Amino acid sequence: MTTKSVLLAIGASLLIGDAAFGEGWYTAVYGGYNFSEAEVEDPSTSPPTELEGDDNFQLGAALGYRFPENEGGNWRAEFDFRYFSGELENERNTTLLASSRDSEIDTYTFIARGLYDFKIPSKTKWRPYVGLGLGFVSADVDTVVFASGARLGGDDTVFAGEVSGGMSYTLNEKVELFADVRYLIAEELEIDRSGTPITLRDVEGEIDSLSVNIGIRYGF
């Protein structure tokens, strides 16, 4: 067999094959990069004090169930958890802060997702999919101390929604690789400044997060 024939055979095995990820329960783990625009804004100062969030890496895991396949594909249901942590940088009014210029924000998401895998040519190992989810976002902002003695920090949990799209590649009946893009949007989070509620938000008054992820699924 020539080198060209070997390469063609390898390429064909990556594209087509009889293996299919089986129906039933599975787990998944993944990691990715999160593009976040979270801000902590204190409107009581003049000009307002703003702590702007940076982009960050994230880790996640899911427990899912794959329903039987039909002519067009199959449905899946997942309960998904992910975590990302980033720095909140003080962009304005730096003289108002006593202990530090910056803070940290830890964010946790708990999302129930419905997904649909599309069935393209019958023996392909590749499956595109789309998904919708609803759940909660919980954020914890480290305390920042102002020169006046006021403190800003705390945590809150609010409702959130998510849309996603991705591609899966089946290795065998038990193992599947995937890559996806997710967009998360949530209600405003309120934290405390010396007992007075203020808002954790991005420039539109909501938490927006776009992430790109890669991971692996394993069937039970």
# chains A, B, ... in the order shown; residues from 1 in each chain; ligands from 1
>>> residues_around(residues="segment 134-137 of chain A", least_positions_apart="6", cutoff="6 Å", atoms="only C-alpha atoms", output="PyMOL selection string")
chain A and resi 108-112+157-161
>>> write_last_selection(atoms="C-alpha atoms", output="mmCIF file, in the first residue's frame")
data_model
loop_
_atom_site.group_PDB
_atom_site.id
_atom_site.type_symbol
_atom_site.label_atom_id
_atom_site.label_comp_id
_atom_site.auth_asym_id
_atom_site.auth_seq_id
_atom_site.Cartn_x
_atom_site.Cartn_y
_atom_site.Cartn_z
ATOM 1 C CA TYR A 108 -20.509 29.413 39.305
ATOM 2 C CA THR A 109 -23.223 28.407 36.837
ATOM 3 C CA PHE A 110 -25.841 25.666 37.276
ATOM 4 C CA ILE A 111 -27.721 25.094 34.010
ATOM 5 C CA ALA A 112 -30.281 22.483 32.898
ATOM 6 C CA THR A 157 -27.474 34.170 42.957
ATOM 7 C CA VAL A 158 -29.827 34.979 40.052
ATOM 8 C CA PHE A 159 -31.635 33.310 37.126
ATOM 9 C CA ALA A 160 -29.740 32.783 33.861
ATOM 10 C CA GLY A 161 -30.273 31.494 30.334
#
>>> residues_around(residues="Gly72 of chain A", least_positions_apart="2", cutoff="7 Å", atoms="only C-alpha atoms", output="PyMOL selection string")
chain A and resi 70+118-119
>>> write_last_selection(atoms="N, CA, C and O atoms", output="compact mmCIF listing (two decimals), in the first residue's frame")
# COMPACT_ATOMS: atom_id res chain seq x y z
N ASN A 70 -33.60 9.20 16.20
CA ASN A 70 -34.65 9.13 15.19
C ASN A 70 -34.03 9.42 13.83
O ASN A 70 -32.81 9.47 13.68
N PHE A 118 -27.76 16.63 15.42
CA PHE A 118 -28.24 16.43 14.05
C PHE A 118 -27.52 15.24 13.41
O PHE A 118 -26.31 15.07 13.56
N LYS A 119 -28.30 14.43 12.70
CA LYS A 119 -27.76 13.26 12.02
C LYS A 119 -27.45 13.64 10.57
O LYS A 119 -28.35 13.86 9.77
>>> atom_distance(atom1="atom CA of Val212 of chain A", atom2="atom CA of Ser36 of chain A")
11.6 Å
>>> atom_distance(atom1="atom CA of Tyr218 of chain A", atom2="atom CA of Arg182 of chain A")
20.7 Å
>>> atom_distance(atom1="atom CA of Phe79 of chain A", atom2="atom CA of Asp142 of chain A")
27.8 Å
>>> closest_atom_pairs(of="segment 104-189 of chain A", to="segment 63-66 of chain A", cutoff="10 Å", atoms="only C-alpha atoms", output="tab-separated table")
residue	atom	partner	partner_atom	distance
A:Ala112	CA	A:Gly64	CA	9.6
A:Arg113	CA	A:Gly64	CA	9.0
A:Gly114	CA	A:Gly64	CA	9.6
A:Leu115	CA	A:Arg66	CA	9.3
A:Tyr116	CA	A:Arg66	CA	9.5
A:Asp117	CA	A:Arg66	CA	9.5
>>> write_last_selection(atoms="all heavy atoms", output="short mmCIF file (atom, residue, chain, number, x, y, z; two decimals), in the first residue's frame")
data_model
loop_
_atom_site.label_atom_id
_atom_site.label_comp_id
_atom_site.auth_asym_id
_atom_site.auth_seq_id
_atom_site.Cartn_x
_atom_site.Cartn_y
_atom_site.Cartn_z
N ALA A 112 -29.62 23.65 33.47
CA ALA A 112 -30.28 22.48 32.90
C ALA A 112 -30.42 22.74 31.40
O ALA A 112 -31.01 23.75 31.00
CB ALA A 112 -31.65 22.27 33.53
N ARG A 113 -29.88 21.84 30.58
CA ARG A 113 -29.80 22.07 29.14
C ARG A 113 -30.57 21.01 28.36
O ARG A 113 -30.56 19.83 28.71
CB ARG A 113 -28.34 22.06 28.67
CG ARG A 113 -27.40 22.93 29.47
CD ARG A 113 -25.96 22.70 29.06
NE ARG A 113 -25.68 23.20 27.74
CZ ARG A 113 -24.73 22.72 26.96
NH1 ARG A 113 -24.02 21.65 27.34
NH2 ARG A 113 -24.51 23.25 25.78
N GLY A 114 -31.23 21.45 27.29
CA GLY A 114 -31.80 20.54 26.30
C GLY A 114 -31.01 20.69 25.01
O GLY A 114 -30.79 21.82 24.54
N LEU A 115 -30.55 19.58 24.42
CA LEU A 115 -29.71 19.64 23.23
C LEU A 115 -30.22 18.69 22.15
O LEU A 115 -30.86 17.67 22.45
CB LEU A 115 -28.26 19.28 23.56
CG LEU A 115 -27.61 20.12 24.65
CD1 LEU A 115 -27.45 19.27 25.92
CD2 LEU A 115 -26.26 20.66 24.22
N TYR A 116 -29.94 19.04 20.90
CA TYR A 116 -30.34 18.16 19.79
C TYR A 116 -29.13 17.92 18.90
O TYR A 116 -28.51 18.86 18.40
CB TYR A 116 -31.47 18.77 18.97
CG TYR A 116 -32.06 17.79 17.98
CD1 TYR A 116 -32.96 16.82 18.39
CD2 TYR A 116 -31.68 17.83 16.63
CE1 TYR A 116 -33.48 15.91 17.49
CE2 TYR A 116 -32.21 16.93 15.72
CZ TYR A 116 -33.11 15.97 16.16
OH TYR A 116 -33.61 15.07 15.27
N ASP A 117 -28.78 16.64 18.71
CA ASP A 117 -27.70 16.23 17.81
C ASP A 117 -28.28 15.96 16.42
O ASP A 117 -29.19 15.12 16.29
CB ASP A 117 -27.03 14.95 18.31
CG ASP A 117 -26.36 15.15 19.66
OD1 ASP A 117 -25.58 16.09 19.79
OD2 ASP A 117 -26.64 14.36 20.58
#
>>> decode(residues="segment 59-81 of chain A", atoms="N, CA, C and O atoms", output="short mmCIF file (atom, residue, chain, number, x, y, z; two decimals), in the first residue's frame")
data_model
loop_
_atom_site.label_atom_id
_atom_site.label_comp_id
_atom_site.auth_asym_id
_atom_site.auth_seq_id
_atom_site.Cartn_x
_atom_site.Cartn_y
_atom_site.Cartn_z
N LEU A 59 -13.66 25.85 33.82
CA LEU A 59 -13.76 24.41 33.88
C LEU A 59 -15.21 24.03 34.12
O LEU A 59 -15.95 24.76 34.79
N GLY A 60 -15.63 22.90 33.57
CA GLY A 60 -17.02 22.49 33.75
C GLY A 60 -17.19 20.98 33.71
O GLY A 60 -16.29 20.24 33.29
N ALA A 61 -18.35 20.53 34.15
CA ALA A 61 -18.71 19.12 34.13
C ALA A 61 -20.22 19.00 33.94
O ALA A 61 -20.97 19.94 34.25
N ALA A 62 -20.65 17.87 33.41
CA ALA A 62 -22.09 17.69 33.16
C ALA A 62 -22.47 16.23 33.36
O ALA A 62 -21.66 15.31 33.17
N LEU A 63 -23.72 16.02 33.75
CA LEU A 63 -24.35 14.71 33.77
C LEU A 63 -25.50 14.76 32.77
O LEU A 63 -26.34 15.66 32.85
N GLY A 64 -25.51 13.83 31.82
CA GLY A 64 -26.50 13.90 30.76
C GLY A 64 -27.14 12.56 30.44
O GLY A 64 -26.70 11.51 30.89
N TYR A 65 -28.21 12.65 29.62
CA TYR A 65 -28.90 11.46 29.14
C TYR A 65 -29.17 11.63 27.65
O TYR A 65 -29.73 12.64 27.23
N ARG A 66 -28.77 10.64 26.87
CA ARG A 66 -28.99 10.66 25.42
C ARG A 66 -30.18 9.77 25.09
O ARG A 66 -30.20 8.58 25.42
N PHE A 67 -31.20 10.37 24.44
CA PHE A 67 -32.42 9.64 24.09
C PHE A 67 -32.20 8.87 22.77
O PHE A 67 -31.28 9.18 22.01
N PRO A 68 -33.05 7.88 22.50
CA PRO A 68 -32.90 7.08 21.28
C PRO A 68 -32.90 7.95 20.02
O PRO A 68 -33.57 8.98 19.96
N GLU A 69 -32.17 7.51 19.04
CA GLU A 69 -32.02 8.26 17.79
C GLU A 69 -33.25 8.10 16.90
O GLU A 69 -33.89 7.04 16.85
N ASN A 70 -33.60 9.20 16.20
CA ASN A 70 -34.65 9.13 15.19
C ASN A 70 -34.03 9.42 13.83
O ASN A 70 -32.81 9.47 13.68
N GLU A 71 -34.86 9.65 12.82
CA GLU A 71 -34.34 9.85 11.47
C GLU A 71 -33.47 11.10 11.35
O GLU A 71 -32.52 11.14 10.58
N GLY A 72 -33.79 12.12 12.14
CA GLY A 72 -33.04 13.37 12.02
C GLY A 72 -31.90 13.51 13.00
O GLY A 72 -31.01 14.34 12.79
N GLY A 73 -31.91 12.71 14.07
CA GLY A 73 -30.87 12.83 15.08
C GLY A 73 -31.37 12.33 16.42
O GLY A 73 -32.15 11.37 16.49
N ASN A 74 -30.98 13.00 17.49
CA ASN A 74 -31.44 12.58 18.82
C ASN A 74 -31.41 13.75 19.79
O ASN A 74 -30.64 14.71 19.63
N TRP A 75 -32.26 13.67 20.81
CA TRP A 75 -32.29 14.66 21.89
C TRP A 75 -31.38 14.22 23.02
O TRP A 75 -31.19 13.03 23.26
N ARG A 76 -30.85 15.22 23.74
CA ARG A 76 -30.09 14.97 24.97
C ARG A 76 -30.54 15.97 26.03
O ARG A 76 -30.96 17.08 25.72
N ALA A 77 -30.43 15.56 27.29
CA ALA A 77 -30.70 16.44 28.43
C ALA A 77 -29.48 16.42 29.33
O ALA A 77 -28.89 15.35 29.55
N GLU A 78 -29.09 17.59 29.84
CA GLU A 78 -27.90 17.69 30.68
C GLU A 78 -28.16 18.60 31.88
O GLU A 78 -28.91 19.57 31.78
N PHE A 79 -27.50 18.28 32.97
CA PHE A 79 -27.34 19.21 34.08
C PHE A 79 -25.87 19.59 34.10
O PHE A 79 -25.00 18.75 34.26
N ASP A 80 -25.60 20.88 33.91
CA ASP A 80 -24.24 21.35 33.68
C ASP A 80 -23.79 22.31 34.78
O ASP A 80 -24.55 23.18 35.22
N PHE A 81 -22.55 22.13 35.23
CA PHE A 81 -21.93 23.02 36.21
C PHE A 81 -20.61 23.53 35.66
O PHE A 81 -19.84 22.77 35.06
#
